[in-house]
file entry_31.txt (compact mmCIF, N, CA and C atoms)
# COMPACT_ATOMS: atom_id res chain seq x y z
N MET A 1 111.85 217.88 -36.90
CA MET A 1 112.46 216.68 -37.41
C MET A 1 112.03 215.45 -36.60
N ASP A 2 111.88 215.63 -35.27
CA ASP A 2 111.46 214.50 -34.45
C ASP A 2 110.06 214.02 -34.82
N TYR A 3 109.19 214.96 -35.16
CA TYR A 3 107.83 214.58 -35.55
C TYR A 3 107.80 213.80 -36.86
N PHE A 4 108.73 214.15 -37.75
CA PHE A 4 108.81 213.43 -39.02
C PHE A 4 109.15 211.96 -38.78
N PHE A 5 110.15 211.69 -37.93
CA PHE A 5 110.52 210.30 -37.64
C PHE A 5 109.42 209.56 -36.88
N LEU A 6 108.74 210.28 -36.01
CA LEU A 6 107.62 209.69 -35.28
C LEU A 6 106.48 209.32 -36.25
N PHE A 7 106.20 210.19 -37.20
CA PHE A 7 105.17 209.93 -38.21
C PHE A 7 105.54 208.72 -39.07
N ILE A 8 106.77 208.64 -39.51
CA ILE A 8 107.24 207.50 -40.32
C ILE A 8 107.16 206.20 -39.51
N GLY A 9 107.51 206.25 -38.24
CA GLY A 9 107.43 205.07 -37.38
C GLY A 9 105.99 204.57 -37.21
N VAL A 10 105.06 205.51 -37.03
CA VAL A 10 103.65 205.15 -36.90
C VAL A 10 103.14 204.54 -38.20
N LEU A 11 103.51 205.09 -39.34
CA LEU A 11 103.10 204.54 -40.64
C LEU A 11 103.63 203.11 -40.84
N ILE A 12 104.86 202.88 -40.47
CA ILE A 12 105.45 201.53 -40.59
C ILE A 12 104.71 200.57 -39.67
N LEU A 13 104.39 201.00 -38.46
CA LEU A 13 103.66 200.15 -37.51
C LEU A 13 102.27 199.81 -38.03
N VAL A 14 101.55 200.79 -38.57
CA VAL A 14 100.21 200.55 -39.12
C VAL A 14 100.29 199.60 -40.30
N PHE A 15 101.25 199.79 -41.17
CA PHE A 15 101.43 198.92 -42.33
C PHE A 15 101.74 197.48 -41.89
N ALA A 16 102.59 197.32 -40.89
CA ALA A 16 102.94 195.98 -40.39
C ALA A 16 101.71 195.30 -39.77
N LEU A 17 100.89 196.05 -39.03
CA LEU A 17 99.68 195.48 -38.44
C LEU A 17 98.68 195.06 -39.52
N MET A 18 98.57 195.87 -40.58
CA MET A 18 97.66 195.50 -41.68
C MET A 18 98.13 194.22 -42.37
N LEU A 19 99.42 194.08 -42.60
CA LEU A 19 99.96 192.85 -43.20
C LEU A 19 99.73 191.64 -42.30
N PHE A 20 99.96 191.82 -41.01
CA PHE A 20 99.77 190.72 -40.05
C PHE A 20 98.31 190.28 -40.04
N ARG A 21 97.37 191.24 -40.04
CA ARG A 21 95.94 190.93 -40.02
C ARG A 21 95.53 190.20 -41.30
N LYS A 22 96.03 190.66 -42.43
CA LYS A 22 95.72 190.02 -43.71
C LYS A 22 96.24 188.58 -43.73
N PHE A 23 97.45 188.37 -43.22
CA PHE A 23 98.03 187.03 -43.17
C PHE A 23 97.21 186.11 -42.27
N LYS A 24 96.77 186.60 -41.11
CA LYS A 24 95.98 185.78 -40.18
C LYS A 24 94.62 185.45 -40.77
N LEU A 25 93.96 186.39 -41.44
CA LEU A 25 92.66 186.14 -42.05
C LEU A 25 92.76 185.12 -43.17
N SER A 26 93.82 185.19 -43.97
CA SER A 26 93.97 184.20 -45.05
C SER A 26 94.23 182.82 -44.49
N GLN A 27 94.93 182.72 -43.37
CA GLN A 27 95.16 181.42 -42.73
C GLN A 27 93.85 180.85 -42.19
N GLY A 28 93.01 181.68 -41.60
CA GLY A 28 91.72 181.23 -41.06
C GLY A 28 90.79 180.73 -42.15
N GLN A 29 90.82 181.34 -43.33
CA GLN A 29 89.98 180.90 -44.43
C GLN A 29 90.42 179.55 -44.95
N ASP A 30 91.73 179.27 -44.94
CA ASP A 30 92.21 177.96 -45.39
C ASP A 30 91.71 176.86 -44.47
N VAL A 31 91.64 177.14 -43.18
CA VAL A 31 91.17 176.14 -42.23
C VAL A 31 89.69 175.85 -42.44
N THR A 32 88.88 176.88 -42.71
CA THR A 32 87.45 176.67 -42.90
C THR A 32 87.15 176.00 -44.23
N ARG A 33 88.01 176.15 -45.22
CA ARG A 33 87.80 175.49 -46.51
C ARG A 33 87.99 173.99 -46.41
N LYS A 34 88.99 173.56 -45.63
CA LYS A 34 89.26 172.13 -45.49
C LYS A 34 88.42 171.58 -44.34
N LYS A 35 87.28 170.96 -44.68
CA LYS A 35 86.45 170.37 -43.65
C LYS A 35 86.92 168.94 -43.41
N GLU A 36 87.06 168.60 -42.16
CA GLU A 36 87.37 167.23 -41.82
C GLU A 36 86.06 166.53 -41.53
N PHE A 37 85.77 165.48 -42.28
CA PHE A 37 84.52 164.77 -42.13
C PHE A 37 84.65 163.64 -41.13
N ARG A 38 83.55 163.34 -40.45
CA ARG A 38 83.50 162.21 -39.53
C ARG A 38 83.52 160.92 -40.34
N THR A 39 84.20 159.92 -39.82
CA THR A 39 84.22 158.63 -40.50
C THR A 39 83.84 157.53 -39.51
N GLN A 40 83.39 156.42 -40.07
CA GLN A 40 83.04 155.25 -39.27
C GLN A 40 83.26 154.03 -40.13
N LYS A 41 83.35 152.87 -39.50
CA LYS A 41 83.48 151.62 -40.24
C LYS A 41 82.11 151.04 -40.48
N ASP A 42 81.87 150.57 -41.71
CA ASP A 42 80.60 149.92 -41.99
C ASP A 42 80.69 148.45 -41.62
N GLU A 43 79.64 147.68 -41.92
CA GLU A 43 79.60 146.27 -41.50
C GLU A 43 80.67 145.41 -42.17
N ASN A 44 81.22 145.86 -43.31
CA ASN A 44 82.28 145.11 -43.99
C ASN A 44 83.68 145.53 -43.52
N GLY A 45 83.76 146.50 -42.62
CA GLY A 45 85.04 146.99 -42.12
C GLY A 45 85.60 148.12 -42.96
N LYS A 46 84.88 148.54 -44.00
CA LYS A 46 85.32 149.63 -44.87
C LYS A 46 85.01 150.96 -44.20
N ILE A 47 85.92 151.92 -44.30
CA ILE A 47 85.72 153.24 -43.69
C ILE A 47 84.84 154.09 -44.61
N ASP A 48 83.79 154.69 -44.02
CA ASP A 48 82.84 155.50 -44.76
C ASP A 48 82.53 156.76 -43.96
N PHE A 49 81.96 157.77 -44.61
CA PHE A 49 81.58 159.01 -43.93
C PHE A 49 80.34 158.78 -43.08
N VAL A 50 80.26 159.51 -41.95
CA VAL A 50 79.04 159.55 -41.15
C VAL A 50 78.09 160.50 -41.87
N ARG A 51 76.89 160.02 -42.17
CA ARG A 51 75.93 160.80 -42.95
C ARG A 51 74.66 161.03 -42.15
N CYS A 52 73.96 162.10 -42.49
CA CYS A 52 72.66 162.40 -41.90
C CYS A 52 71.67 161.36 -42.40
N PRO A 53 70.86 160.76 -41.52
CA PRO A 53 69.90 159.75 -41.99
C PRO A 53 68.76 160.34 -42.82
N LEU A 54 68.53 161.64 -42.74
CA LEU A 54 67.46 162.27 -43.51
C LEU A 54 67.90 162.70 -44.90
N CYS A 55 69.04 163.39 -45.00
CA CYS A 55 69.44 163.96 -46.29
C CYS A 55 70.69 163.31 -46.88
N SER A 56 71.34 162.41 -46.17
CA SER A 56 72.54 161.69 -46.60
C SER A 56 73.73 162.59 -46.87
N THR A 57 73.78 163.75 -46.25
CA THR A 57 74.91 164.66 -46.38
C THR A 57 76.00 164.23 -45.41
N PRO A 58 77.28 164.14 -45.86
CA PRO A 58 78.36 163.81 -44.92
C PRO A 58 78.50 164.90 -43.86
N LEU A 59 78.71 164.50 -42.62
CA LEU A 59 78.81 165.45 -41.51
C LEU A 59 80.27 165.74 -41.18
N ALA A 60 80.58 167.01 -40.99
CA ALA A 60 81.92 167.41 -40.56
C ALA A 60 82.06 167.12 -39.07
N LYS A 61 83.28 167.16 -38.57
CA LYS A 61 83.52 166.83 -37.17
C LYS A 61 82.85 167.80 -36.21
N ASN A 62 82.60 169.03 -36.64
CA ASN A 62 81.98 170.01 -35.74
C ASN A 62 80.47 170.11 -35.93
N GLU A 63 79.86 169.25 -36.76
CA GLU A 63 78.43 169.29 -37.00
C GLU A 63 77.72 168.17 -36.23
N ASP A 64 76.61 168.52 -35.60
CA ASP A 64 75.84 167.56 -34.81
C ASP A 64 74.43 167.43 -35.36
N MET A 65 73.80 166.31 -35.04
CA MET A 65 72.41 166.08 -35.41
C MET A 65 71.51 166.77 -34.38
N PHE A 66 70.32 167.20 -34.84
CA PHE A 66 69.31 167.73 -33.93
C PHE A 66 68.36 166.58 -33.60
N SER A 67 68.33 166.17 -32.34
CA SER A 67 67.50 165.03 -31.96
C SER A 67 67.03 165.20 -30.52
N ARG A 68 66.04 164.38 -30.16
CA ARG A 68 65.51 164.37 -28.78
C ARG A 68 65.46 162.93 -28.29
N ILE A 69 65.86 162.75 -27.05
CA ILE A 69 65.78 161.44 -26.41
C ILE A 69 64.78 161.56 -25.27
N TYR A 70 63.87 160.61 -25.20
CA TYR A 70 62.79 160.68 -24.21
C TYR A 70 63.09 159.77 -23.03
N ARG A 71 62.53 160.11 -21.89
CA ARG A 71 62.72 159.36 -20.65
C ARG A 71 62.04 158.02 -20.71
N PRO A 72 62.34 157.08 -19.91
CA PRO A 72 63.28 157.05 -18.78
C PRO A 72 64.72 156.85 -19.26
N MET A 73 65.65 157.50 -18.59
CA MET A 73 67.05 157.48 -19.01
C MET A 73 67.80 156.24 -18.52
N THR A 74 67.24 155.50 -17.59
CA THR A 74 67.96 154.37 -17.01
C THR A 74 67.76 153.07 -17.77
N THR A 75 66.88 153.03 -18.75
CA THR A 75 66.62 151.79 -19.47
C THR A 75 67.63 151.61 -20.60
N ALA A 76 67.72 150.40 -21.09
CA ALA A 76 68.65 150.09 -22.18
C ALA A 76 68.06 150.47 -23.54
N ASP A 77 66.74 150.71 -23.60
CA ASP A 77 66.05 151.01 -24.85
C ASP A 77 65.20 152.27 -24.66
N GLN A 78 65.47 153.31 -25.45
CA GLN A 78 64.74 154.57 -25.31
C GLN A 78 64.17 155.00 -26.65
N ARG A 79 63.10 155.78 -26.60
CA ARG A 79 62.52 156.36 -27.81
C ARG A 79 63.29 157.63 -28.13
N MET A 80 63.43 157.91 -29.43
CA MET A 80 64.23 159.05 -29.86
C MET A 80 63.63 159.60 -31.15
N THR A 81 63.69 160.90 -31.33
CA THR A 81 63.29 161.51 -32.61
C THR A 81 64.49 162.27 -33.17
N VAL A 82 64.68 162.17 -34.48
CA VAL A 82 65.78 162.84 -35.18
C VAL A 82 65.17 163.88 -36.10
N HIS A 83 65.57 165.13 -35.92
CA HIS A 83 65.03 166.23 -36.73
C HIS A 83 65.88 166.52 -37.95
N GLY A 84 67.18 166.24 -37.90
CA GLY A 84 68.06 166.45 -39.04
C GLY A 84 69.40 167.01 -38.64
N CYS A 85 70.17 167.39 -39.65
CA CYS A 85 71.51 167.95 -39.45
C CYS A 85 71.48 169.44 -39.82
N PRO A 86 72.58 170.15 -39.66
CA PRO A 86 72.58 171.58 -40.01
C PRO A 86 72.31 171.84 -41.50
N HIS A 87 72.46 170.83 -42.36
CA HIS A 87 72.22 171.00 -43.79
C HIS A 87 70.74 170.89 -44.15
N CYS A 88 69.94 170.18 -43.33
CA CYS A 88 68.53 169.98 -43.67
C CYS A 88 67.56 170.44 -42.60
N TYR A 89 68.04 170.94 -41.45
CA TYR A 89 67.16 171.40 -40.39
C TYR A 89 67.80 172.58 -39.68
N PRO A 90 67.15 173.64 -39.38
CA PRO A 90 65.74 173.97 -39.49
C PRO A 90 65.34 174.42 -40.89
N LYS A 91 66.31 174.81 -41.72
CA LYS A 91 66.00 175.20 -43.10
C LYS A 91 66.95 174.44 -44.02
N PRO A 92 66.40 173.65 -44.95
CA PRO A 92 67.29 172.87 -45.83
C PRO A 92 68.07 173.76 -46.80
N GLU A 93 69.30 173.34 -47.08
CA GLU A 93 70.11 174.04 -48.08
C GLU A 93 69.51 173.76 -49.46
N PRO A 94 69.80 174.60 -50.44
CA PRO A 94 69.25 174.37 -51.79
C PRO A 94 69.69 173.00 -52.34
N GLY A 95 68.73 172.27 -52.86
CA GLY A 95 69.01 170.96 -53.45
C GLY A 95 69.03 169.80 -52.48
N VAL A 96 68.82 170.05 -51.19
CA VAL A 96 68.84 168.98 -50.18
C VAL A 96 67.41 168.49 -49.96
N LYS A 97 67.21 167.18 -50.10
CA LYS A 97 65.89 166.58 -49.87
C LYS A 97 65.93 165.74 -48.61
N ARG A 98 64.90 165.88 -47.80
CA ARG A 98 64.77 165.10 -46.56
C ARG A 98 63.92 163.87 -46.86
N THR A 99 64.55 162.71 -46.93
CA THR A 99 63.88 161.47 -47.31
C THR A 99 63.96 160.46 -46.18
N CYS A 100 62.85 159.77 -45.92
CA CYS A 100 62.82 158.73 -44.88
C CYS A 100 63.57 157.50 -45.39
N PRO A 101 64.50 156.94 -44.61
CA PRO A 101 65.21 155.74 -45.05
C PRO A 101 64.35 154.48 -45.00
N VAL A 102 63.20 154.51 -44.33
CA VAL A 102 62.33 153.33 -44.22
C VAL A 102 61.32 153.29 -45.36
N CYS A 103 60.53 154.36 -45.52
CA CYS A 103 59.46 154.34 -46.53
C CYS A 103 59.86 155.02 -47.84
N GLY A 104 60.91 155.84 -47.84
CA GLY A 104 61.38 156.50 -49.05
C GLY A 104 60.61 157.76 -49.40
N LYS A 105 59.65 158.16 -48.59
CA LYS A 105 58.87 159.37 -48.87
C LYS A 105 59.59 160.59 -48.31
N GLU A 106 59.24 161.76 -48.85
CA GLU A 106 59.85 162.99 -48.40
C GLU A 106 59.27 163.39 -47.04
N VAL A 107 60.14 163.75 -46.11
CA VAL A 107 59.74 164.15 -44.76
C VAL A 107 59.62 165.67 -44.73
N PRO A 108 58.46 166.22 -44.31
CA PRO A 108 58.32 167.68 -44.25
C PRO A 108 59.20 168.28 -43.16
N LEU A 109 59.35 169.62 -43.20
CA LEU A 109 60.19 170.29 -42.21
C LEU A 109 59.70 170.11 -40.79
N ASP A 110 58.38 170.04 -40.60
CA ASP A 110 57.86 169.83 -39.25
C ASP A 110 57.84 168.36 -38.88
N GLY A 111 58.27 167.48 -39.78
CA GLY A 111 58.34 166.04 -39.52
C GLY A 111 59.68 165.65 -38.94
N GLU A 112 59.80 164.38 -38.57
CA GLU A 112 61.01 163.87 -37.95
C GLU A 112 61.11 162.37 -38.17
N LEU A 113 62.29 161.82 -37.92
CA LEU A 113 62.48 160.37 -37.93
C LEU A 113 62.22 159.84 -36.52
N ILE A 114 61.59 158.70 -36.43
CA ILE A 114 61.33 158.06 -35.15
C ILE A 114 62.32 156.91 -35.03
N ALA A 115 63.01 156.86 -33.91
CA ALA A 115 64.09 155.89 -33.75
C ALA A 115 64.08 155.33 -32.34
N ARG A 116 64.91 154.30 -32.17
CA ARG A 116 65.13 153.71 -30.84
C ARG A 116 66.61 153.78 -30.56
N LEU A 117 66.93 154.22 -29.36
CA LEU A 117 68.31 154.35 -28.92
C LEU A 117 68.61 153.23 -27.94
N PHE A 118 69.63 152.44 -28.26
CA PHE A 118 70.03 151.34 -27.40
C PHE A 118 71.31 151.72 -26.68
N ASN A 119 71.28 151.73 -25.36
CA ASN A 119 72.45 152.02 -24.53
C ASN A 119 73.11 150.69 -24.19
N ARG A 120 74.23 150.42 -24.80
CA ARG A 120 74.92 149.15 -24.58
C ARG A 120 75.72 149.19 -23.28
N THR A 121 76.01 148.02 -22.76
CA THR A 121 76.70 147.94 -21.47
C THR A 121 78.13 148.44 -21.55
N GLU A 122 78.79 148.33 -22.71
CA GLU A 122 80.18 148.80 -22.81
C GLU A 122 80.28 150.30 -23.06
N GLY A 123 79.14 151.01 -22.98
CA GLY A 123 79.15 152.46 -23.08
C GLY A 123 78.80 153.00 -24.45
N LYS A 124 78.80 152.16 -25.48
CA LYS A 124 78.46 152.63 -26.82
C LYS A 124 76.95 152.74 -26.96
N LYS A 125 76.55 153.56 -27.90
CA LYS A 125 75.12 153.72 -28.17
C LYS A 125 74.84 153.29 -29.60
N HIS A 126 73.63 152.77 -29.83
CA HIS A 126 73.23 152.33 -31.17
C HIS A 126 71.84 152.89 -31.45
N VAL A 127 71.65 153.47 -32.63
CA VAL A 127 70.38 154.05 -33.02
C VAL A 127 69.80 153.26 -34.17
N MET A 128 68.52 152.86 -34.05
CA MET A 128 67.82 152.16 -35.12
C MET A 128 66.62 153.00 -35.54
N ILE A 129 66.61 153.43 -36.81
CA ILE A 129 65.49 154.22 -37.35
C ILE A 129 64.34 153.27 -37.64
N THR A 130 63.15 153.57 -37.10
CA THR A 130 61.99 152.71 -37.32
C THR A 130 60.98 153.31 -38.28
N GLY A 131 61.14 154.57 -38.66
CA GLY A 131 60.23 155.21 -39.59
C GLY A 131 60.26 156.71 -39.42
N CYS A 132 59.26 157.36 -40.01
CA CYS A 132 59.18 158.82 -39.92
C CYS A 132 57.75 159.21 -39.50
N SER A 133 57.56 160.50 -39.33
CA SER A 133 56.23 160.97 -38.94
C SER A 133 55.20 160.72 -40.06
N VAL A 134 55.65 160.63 -41.31
CA VAL A 134 54.74 160.31 -42.42
C VAL A 134 54.36 158.83 -42.36
N CYS A 135 55.33 157.94 -42.13
CA CYS A 135 55.06 156.49 -42.01
C CYS A 135 54.08 156.21 -40.87
N TYR A 136 54.35 156.80 -39.72
CA TYR A 136 53.54 156.52 -38.53
C TYR A 136 52.16 157.13 -38.57
N SER A 137 51.97 158.19 -39.37
CA SER A 137 50.65 158.78 -39.46
C SER A 137 49.72 157.92 -40.30
N LYS A 138 50.25 157.08 -41.18
CA LYS A 138 49.45 156.20 -42.03
C LYS A 138 49.04 154.91 -41.33
N LYS A 139 49.74 154.57 -40.24
CA LYS A 139 49.47 153.30 -39.55
C LYS A 139 48.25 153.36 -38.67
call {"tool": "encode", "arguments": {"input": "entry_31.txt", "output": "structure tokens"}}
result
Amino acid sequence: MDYFFLFIGVLILVFALMLFRKFKLSQGQDVTRKKEFRTQKDENGKIDFVRCPLCSTPLAKNEDMFSRIYRPMTTADQRMTVHGCPHCYPKPEPGVKRTCPVCGKEVPLDGELIARLFNRTEGKKHVMITGCSVCYSKK
């Protein structure tokens, strides 16, 4: 008789753990479905999404751009290359086109945007896109 109650107790415990796991997994999926996008103010003061300069996809708060900043680090103006965001680099998602904002031509996967990074005195940074590897190869 003692084994019977022990068996029933173990079954109830296993069932409770399965319900708890299912509840936690469904909660985690709800969090991943709701992406919080980065926002910024444009020149008119209107709030807009932060977008990738190559593919114009809105970036979520946990998504970063792939870029390189070149030395010297102590100057106020540095050269920088932008490779893209997780949606367009290293492999673009279906339907995503990598377009240069300066010349309007399609940028290949091995190409990049060429930019200048300005380190302001108040600690903020400003990036100005000057072209792409396609633009600069024609010059």
call {"tool": "closest_residue", "arguments": {"input": "entry_31.txt", "among": "A:Ala76, A:Val50, A:Leu17, A:Cys55", "to": "A:Thr121", "atoms": "all atoms listed in the file"}}
result
A:Ala76
call {"tool": "select_by_dssp", "arguments": {"input": "entry_31.txt", "residues": "stretch 18-96 of chain A", "states": "alpha helix (DSSP H)", "output": "PyMOL selection string"}}
result
chain A and resi 18-33
call {"tool": "atom_distance", "arguments": {"input": "entry_31.txt", "atom1": "atom CA of A:Cys103", "atom2": "atom CA of A:Ile129"}}
result
11.0 Å
call {"tool": "axis_aligned_box", "arguments": {"input": "entry_31.txt", "around": "stretch 51-65 of chain A", "padding_each_side": "5 Å", "output": "AutoDock Vina command-line options"}}
result
--center_x 75.5 --center_y 164.9 --center_z -40.6 --size_x 26.1 --size_y 20.4 --size_z 22.5
call {"tool": "residues_around", "arguments": {"input": "entry_31.txt", "residues": "stretch 58-68 of chain A", "least_positions_apart": "4", "cutoff": "9 Å", "atoms": "only C-alpha atoms", "output": "list in words"}}
result
Lys35, Glu36, Phe37, Arg38, Thr39, Phe49, Val50, Arg51, Cys52, Arg79, Met80, Thr81, Val82, His83, Gly84, Cys85, Pro86, His87, Tyr89 and Glu112 of chain A
call {"tool": "atom_distance", "arguments": {"input": "entry_31.txt", "atom1": "atom CA of A:Arg71", "atom2": "atom N of A:Leu54"}}
result
23.0 Å
call {"tool": "atom_distance", "arguments": {"input": "entry_31.txt", "atom1": "atom N of A:Lys22", "atom2": "atom C of A:Gly9"}}
result
17.9 Å
call {"tool": "select_by_dssp", "arguments": {"input": "entry_31.txt", "residues": "chain A", "states": "strand (DSSP E)", "output": "PDB file with N, CA and C atoms, in the frame of the given file"}}
result
ATOM      1  N   THR A  39      84.200 159.920 -39.820  1.00  0.00           N
ATOM      2  CA  THR A  39      84.220 158.630 -40.500  1.00  0.00           C
ATOM      3  C   THR A  39      83.840 157.530 -39.510  1.00  0.00           C
ATOM      4  N   GLN A  40      83.390 156.420 -40.070  1.00  0.00           N
ATOM      5  CA  GLN A  40      83.040 155.250 -39.270  1.00  0.00           C
ATOM      6  C   GLN A  40      83.260 154.030 -40.130  1.00  0.00           C
ATOM      7  N   LYS A  41      83.350 152.870 -39.500  1.00  0.00           N
ATOM      8  CA  LYS A  41      83.480 151.620 -40.240  1.00  0.00           C
ATOM      9  C   LYS A  41      82.110 151.040 -40.480  1.00  0.00           C
ATOM     10  N   ILE A  47      85.920 151.920 -44.300  1.00  0.00           N
ATOM     11  CA  ILE A  47      85.720 153.240 -43.690  1.00  0.00           C
ATOM     12  C   ILE A  47      84.840 154.090 -44.610  1.00  0.00           C
ATOM     13  N   ASP A  48      83.790 154.690 -44.020  1.00  0.00           N
ATOM     14  CA  ASP A  48      82.840 155.500 -44.760  1.00  0.00           C
ATOM     15  C   ASP A  48      82.530 156.760 -43.960  1.00  0.00           C
ATOM     16  N   PHE A  49      81.960 157.770 -44.610  1.00  0.00           N
ATOM     17  CA  PHE A  49      81.580 159.010 -43.930  1.00  0.00           C
ATOM     18  C   PHE A  49      80.340 158.780 -43.080  1.00  0.00           C
ATOM     19  N   PHE A  66      70.320 167.200 -34.840  1.00  0.00           N
ATOM     20  CA  PHE A  66      69.310 167.730 -33.930  1.00  0.00           C
ATOM     21  C   PHE A  66      68.360 166.580 -33.600  1.00  0.00           C
ATOM     22  N   SER A  67      68.330 166.170 -32.340  1.00  0.00           N
ATOM     23  CA  SER A  67      67.500 165.030 -31.960  1.00  0.00           C
ATOM     24  C   SER A  67      67.030 165.200 -30.520  1.00  0.00           C
ATOM     25  N   ARG A  68      66.040 164.380 -30.160  1.00  0.00           N
ATOM     26  CA  ARG A  68      65.510 164.370 -28.780  1.00  0.00           C
ATOM     27  C   ARG A  68      65.460 162.930 -28.290  1.00  0.00           C
ATOM     28  N   ILE A  69      65.860 162.750 -27.050  1.00  0.00           N
ATOM     29  CA  ILE A  69      65.780 161.440 -26.410  1.00  0.00           C
ATOM     30  C   ILE A  69      64.780 161.560 -25.270  1.00  0.00           C
ATOM     31  N   ASP A  77      66.740 150.710 -23.600  1.00  0.00           N
ATOM     32  CA  ASP A  77      66.050 151.010 -24.850  1.00  0.00           C
ATOM     33  C   ASP A  77      65.200 152.270 -24.660  1.00  0.00           C
ATOM     34  N   GLN A  78      65.470 153.310 -25.450  1.00  0.00           N
ATOM     35  CA  GLN A  78      64.740 154.570 -25.310  1.00  0.00           C
ATOM     36  C   GLN A  78      64.170 155.000 -26.650  1.00  0.00           C
ATOM     37  N   ARG A  79      63.100 155.780 -26.600  1.00  0.00           N
ATOM     38  CA  ARG A  79      62.520 156.360 -27.810  1.00  0.00           C
ATOM     39  C   ARG A  79      63.290 157.630 -28.130  1.00  0.00           C
ATOM     40  N   MET A  80      63.430 157.910 -29.430  1.00  0.00           N
ATOM     41  CA  MET A  80      64.230 159.050 -29.860  1.00  0.00           C
ATOM     42  C   MET A  80      63.630 159.600 -31.150  1.00  0.00           C
ATOM     43  N   THR A  81      63.690 160.900 -31.330  1.00  0.00           N
ATOM     44  CA  THR A  81      63.290 161.510 -32.610  1.00  0.00           C
ATOM     45  C   THR A  81      64.490 162.270 -33.170  1.00  0.00           C
ATOM     46  N   VAL A  82      64.680 162.170 -34.480  1.00  0.00           N
ATOM     47  CA  VAL A  82      65.780 162.840 -35.180  1.00  0.00           C
ATOM     48  C   VAL A  82      65.170 163.880 -36.100  1.00  0.00           C
ATOM     49  N   HIS A  83      65.570 165.130 -35.920  1.00  0.00           N
ATOM     50  CA  HIS A  83      65.030 166.230 -36.730  1.00  0.00           C
ATOM     51  C   HIS A  83      65.880 166.520 -37.950  1.00  0.00           C
ATOM     52  N   GLY A  84      67.180 166.240 -37.900  1.00  0.00           N
ATOM     53  CA  GLY A  84      68.060 166.450 -39.040  1.00  0.00           C
ATOM     54  C   GLY A  84      69.400 167.010 -38.640  1.00  0.00           C
ATOM     55  N   LEU A 113      62.290 161.820 -37.920  1.00  0.00           N
ATOM     56  CA  LEU A 113      62.480 160.370 -37.930  1.00  0.00           C
ATOM     57  C   LEU A 113      62.220 159.840 -36.520  1.00  0.00           C
ATOM     58  N   ILE A 114      61.590 158.700 -36.430  1.00  0.00           N
ATOM     59  CA  ILE A 114      61.330 158.060 -35.150  1.00  0.00           C
ATOM     60  C   ILE A 114      62.320 156.910 -35.030  1.00  0.00           C
ATOM     61  N   ALA A 115      63.010 156.860 -33.910  1.00  0.00           N
ATOM     62  CA  ALA A 115      64.090 155.890 -33.750  1.00  0.00           C
ATOM     63  C   ALA A 115      64.080 155.330 -32.340  1.00  0.00           C
ATOM     64  N   ARG A 116      64.910 154.300 -32.170  1.00  0.00           N
ATOM     65  CA  ARG A 116      65.130 153.710 -30.840  1.00  0.00           C
ATOM     66  C   ARG A 116      66.610 153.780 -30.560  1.00  0.00           C
ATOM     67  N   LEU A 117      66.930 154.220 -29.360  1.00  0.00           N
ATOM     68  CA  LEU A 117      68.310 154.350 -28.920  1.00  0.00           C
ATOM     69  C   LEU A 117      68.610 153.230 -27.940  1.00  0.00           C
ATOM     70  N   PHE A 118      69.630 152.440 -28.260  1.00  0.00           N
ATOM     71  CA  PHE A 118      70.030 151.340 -27.400  1.00  0.00           C
ATOM     72  C   PHE A 118      71.310 151.720 -26.680  1.00  0.00           C
ATOM     73  N   ASN A 119      71.280 151.730 -25.360  1.00  0.00           N
ATOM     74  CA  ASN A 119      72.450 152.020 -24.530  1.00  0.00           C
ATOM     75  C   ASN A 119      73.110 150.690 -24.190  1.00  0.00           C
ATOM     76  N   LYS A 125      76.550 153.560 -27.900  1.00  0.00           N
ATOM     77  CA  LYS A 125      75.120 153.720 -28.170  1.00  0.00           C
ATOM     78  C   LYS A 125      74.840 153.290 -29.600  1.00  0.00           C
ATOM     79  N   HIS A 126      73.630 152.770 -29.830  1.00  0.00           N
ATOM     80  CA  HIS A 126      73.230 152.330 -31.170  1.00  0.00           C
ATOM     81  C   HIS A 126      71.840 152.890 -31.450  1.00  0.00           C
ATOM     82  N   VAL A 127      71.650 153.470 -32.630  1.00  0.00           N
ATOM     83  CA  VAL A 127      70.380 154.050 -33.020  1.00  0.00           C
ATOM     84  C   VAL A 127      69.800 153.260 -34.170  1.00  0.00           C
ATOM     85  N   MET A 128      68.520 152.860 -34.050  1.00  0.00           N
ATOM     86  CA  MET A 128      67.820 152.160 -35.120  1.00  0.00           C
ATOM     87  C   MET A 128      66.620 153.000 -35.540  1.00  0.00           C
ATOM     88  N   ILE A 129      66.610 153.430 -36.810  1.00  0.00           N
ATOM     89  CA  ILE A 129      65.490 154.220 -37.350  1.00  0.00           C
ATOM     90  C   ILE A 129      64.340 153.270 -37.640  1.00  0.00           C
ATOM     91  N   THR A 130      63.150 153.570 -37.100  1.00  0.00           N
ATOM     92  CA  THR A 130      61.990 152.710 -37.320  1.00  0.00           C
ATOM     93  C   THR A 130      60.980 153.310 -38.280  1.00  0.00           C
ATOM     94  N   GLY A 131      61.140 154.570 -38.660  1.00  0.00           N
ATOM     95  CA  GLY A 131      60.230 155.210 -39.590  1.00  0.00           C
ATOM     96  C   GLY A 131      60.260 156.710 -39.420  1.00  0.00           C
ATOM     97  N   CYS A 132      59.260 157.360 -40.010  1.00  0.00           N
ATOM     98  CA  CYS A 132      59.180 158.820 -39.920  1.00  0.00           C
ATOM     99  C   CYS A 132      57.750 159.210 -39.500  1.00  0.00           C
TER     100      CYS A 132
END
call {"tool": "closest_atom_pairs", "arguments": {"input": "entry_31.txt", "of": "stretch 63-122 of chain A", "to": "stretch 132-135 of chain A", "cutoff": "7 Å", "atoms": "only C-alpha atoms", "output": "Markdown table"}}
result
| residue | atom | partner | partner_atom | distance |
| --- | --- | --- | --- | --- |
| A:Cys100 | CA | A:Cys132 | CA | 6.2 |
| A:Cys103 | CA | A:Cys135 | CA | 6.7 |
| A:Val107 | CA | A:Val134 | CA | 6.7 |
| A:Gly111 | CA | A:Ser133 | CA | 5.5 |
| A:Glu112 | CA | A:Ser133 | CA | 5.7 |
| A:Leu113 | CA | A:Cys132 | CA | 4.2 |
| A:Ile114 | CA | A:Cys132 | CA | 5.3 |
call {"tool": "closest_residue", "arguments": {"input": "entry_31.txt", "among": "A:Leu11, A:Met73, A:Cys88, A:Leu19", "to": "A:Pro53", "atoms": "only C-alpha atoms"}}
result
A:Cys88
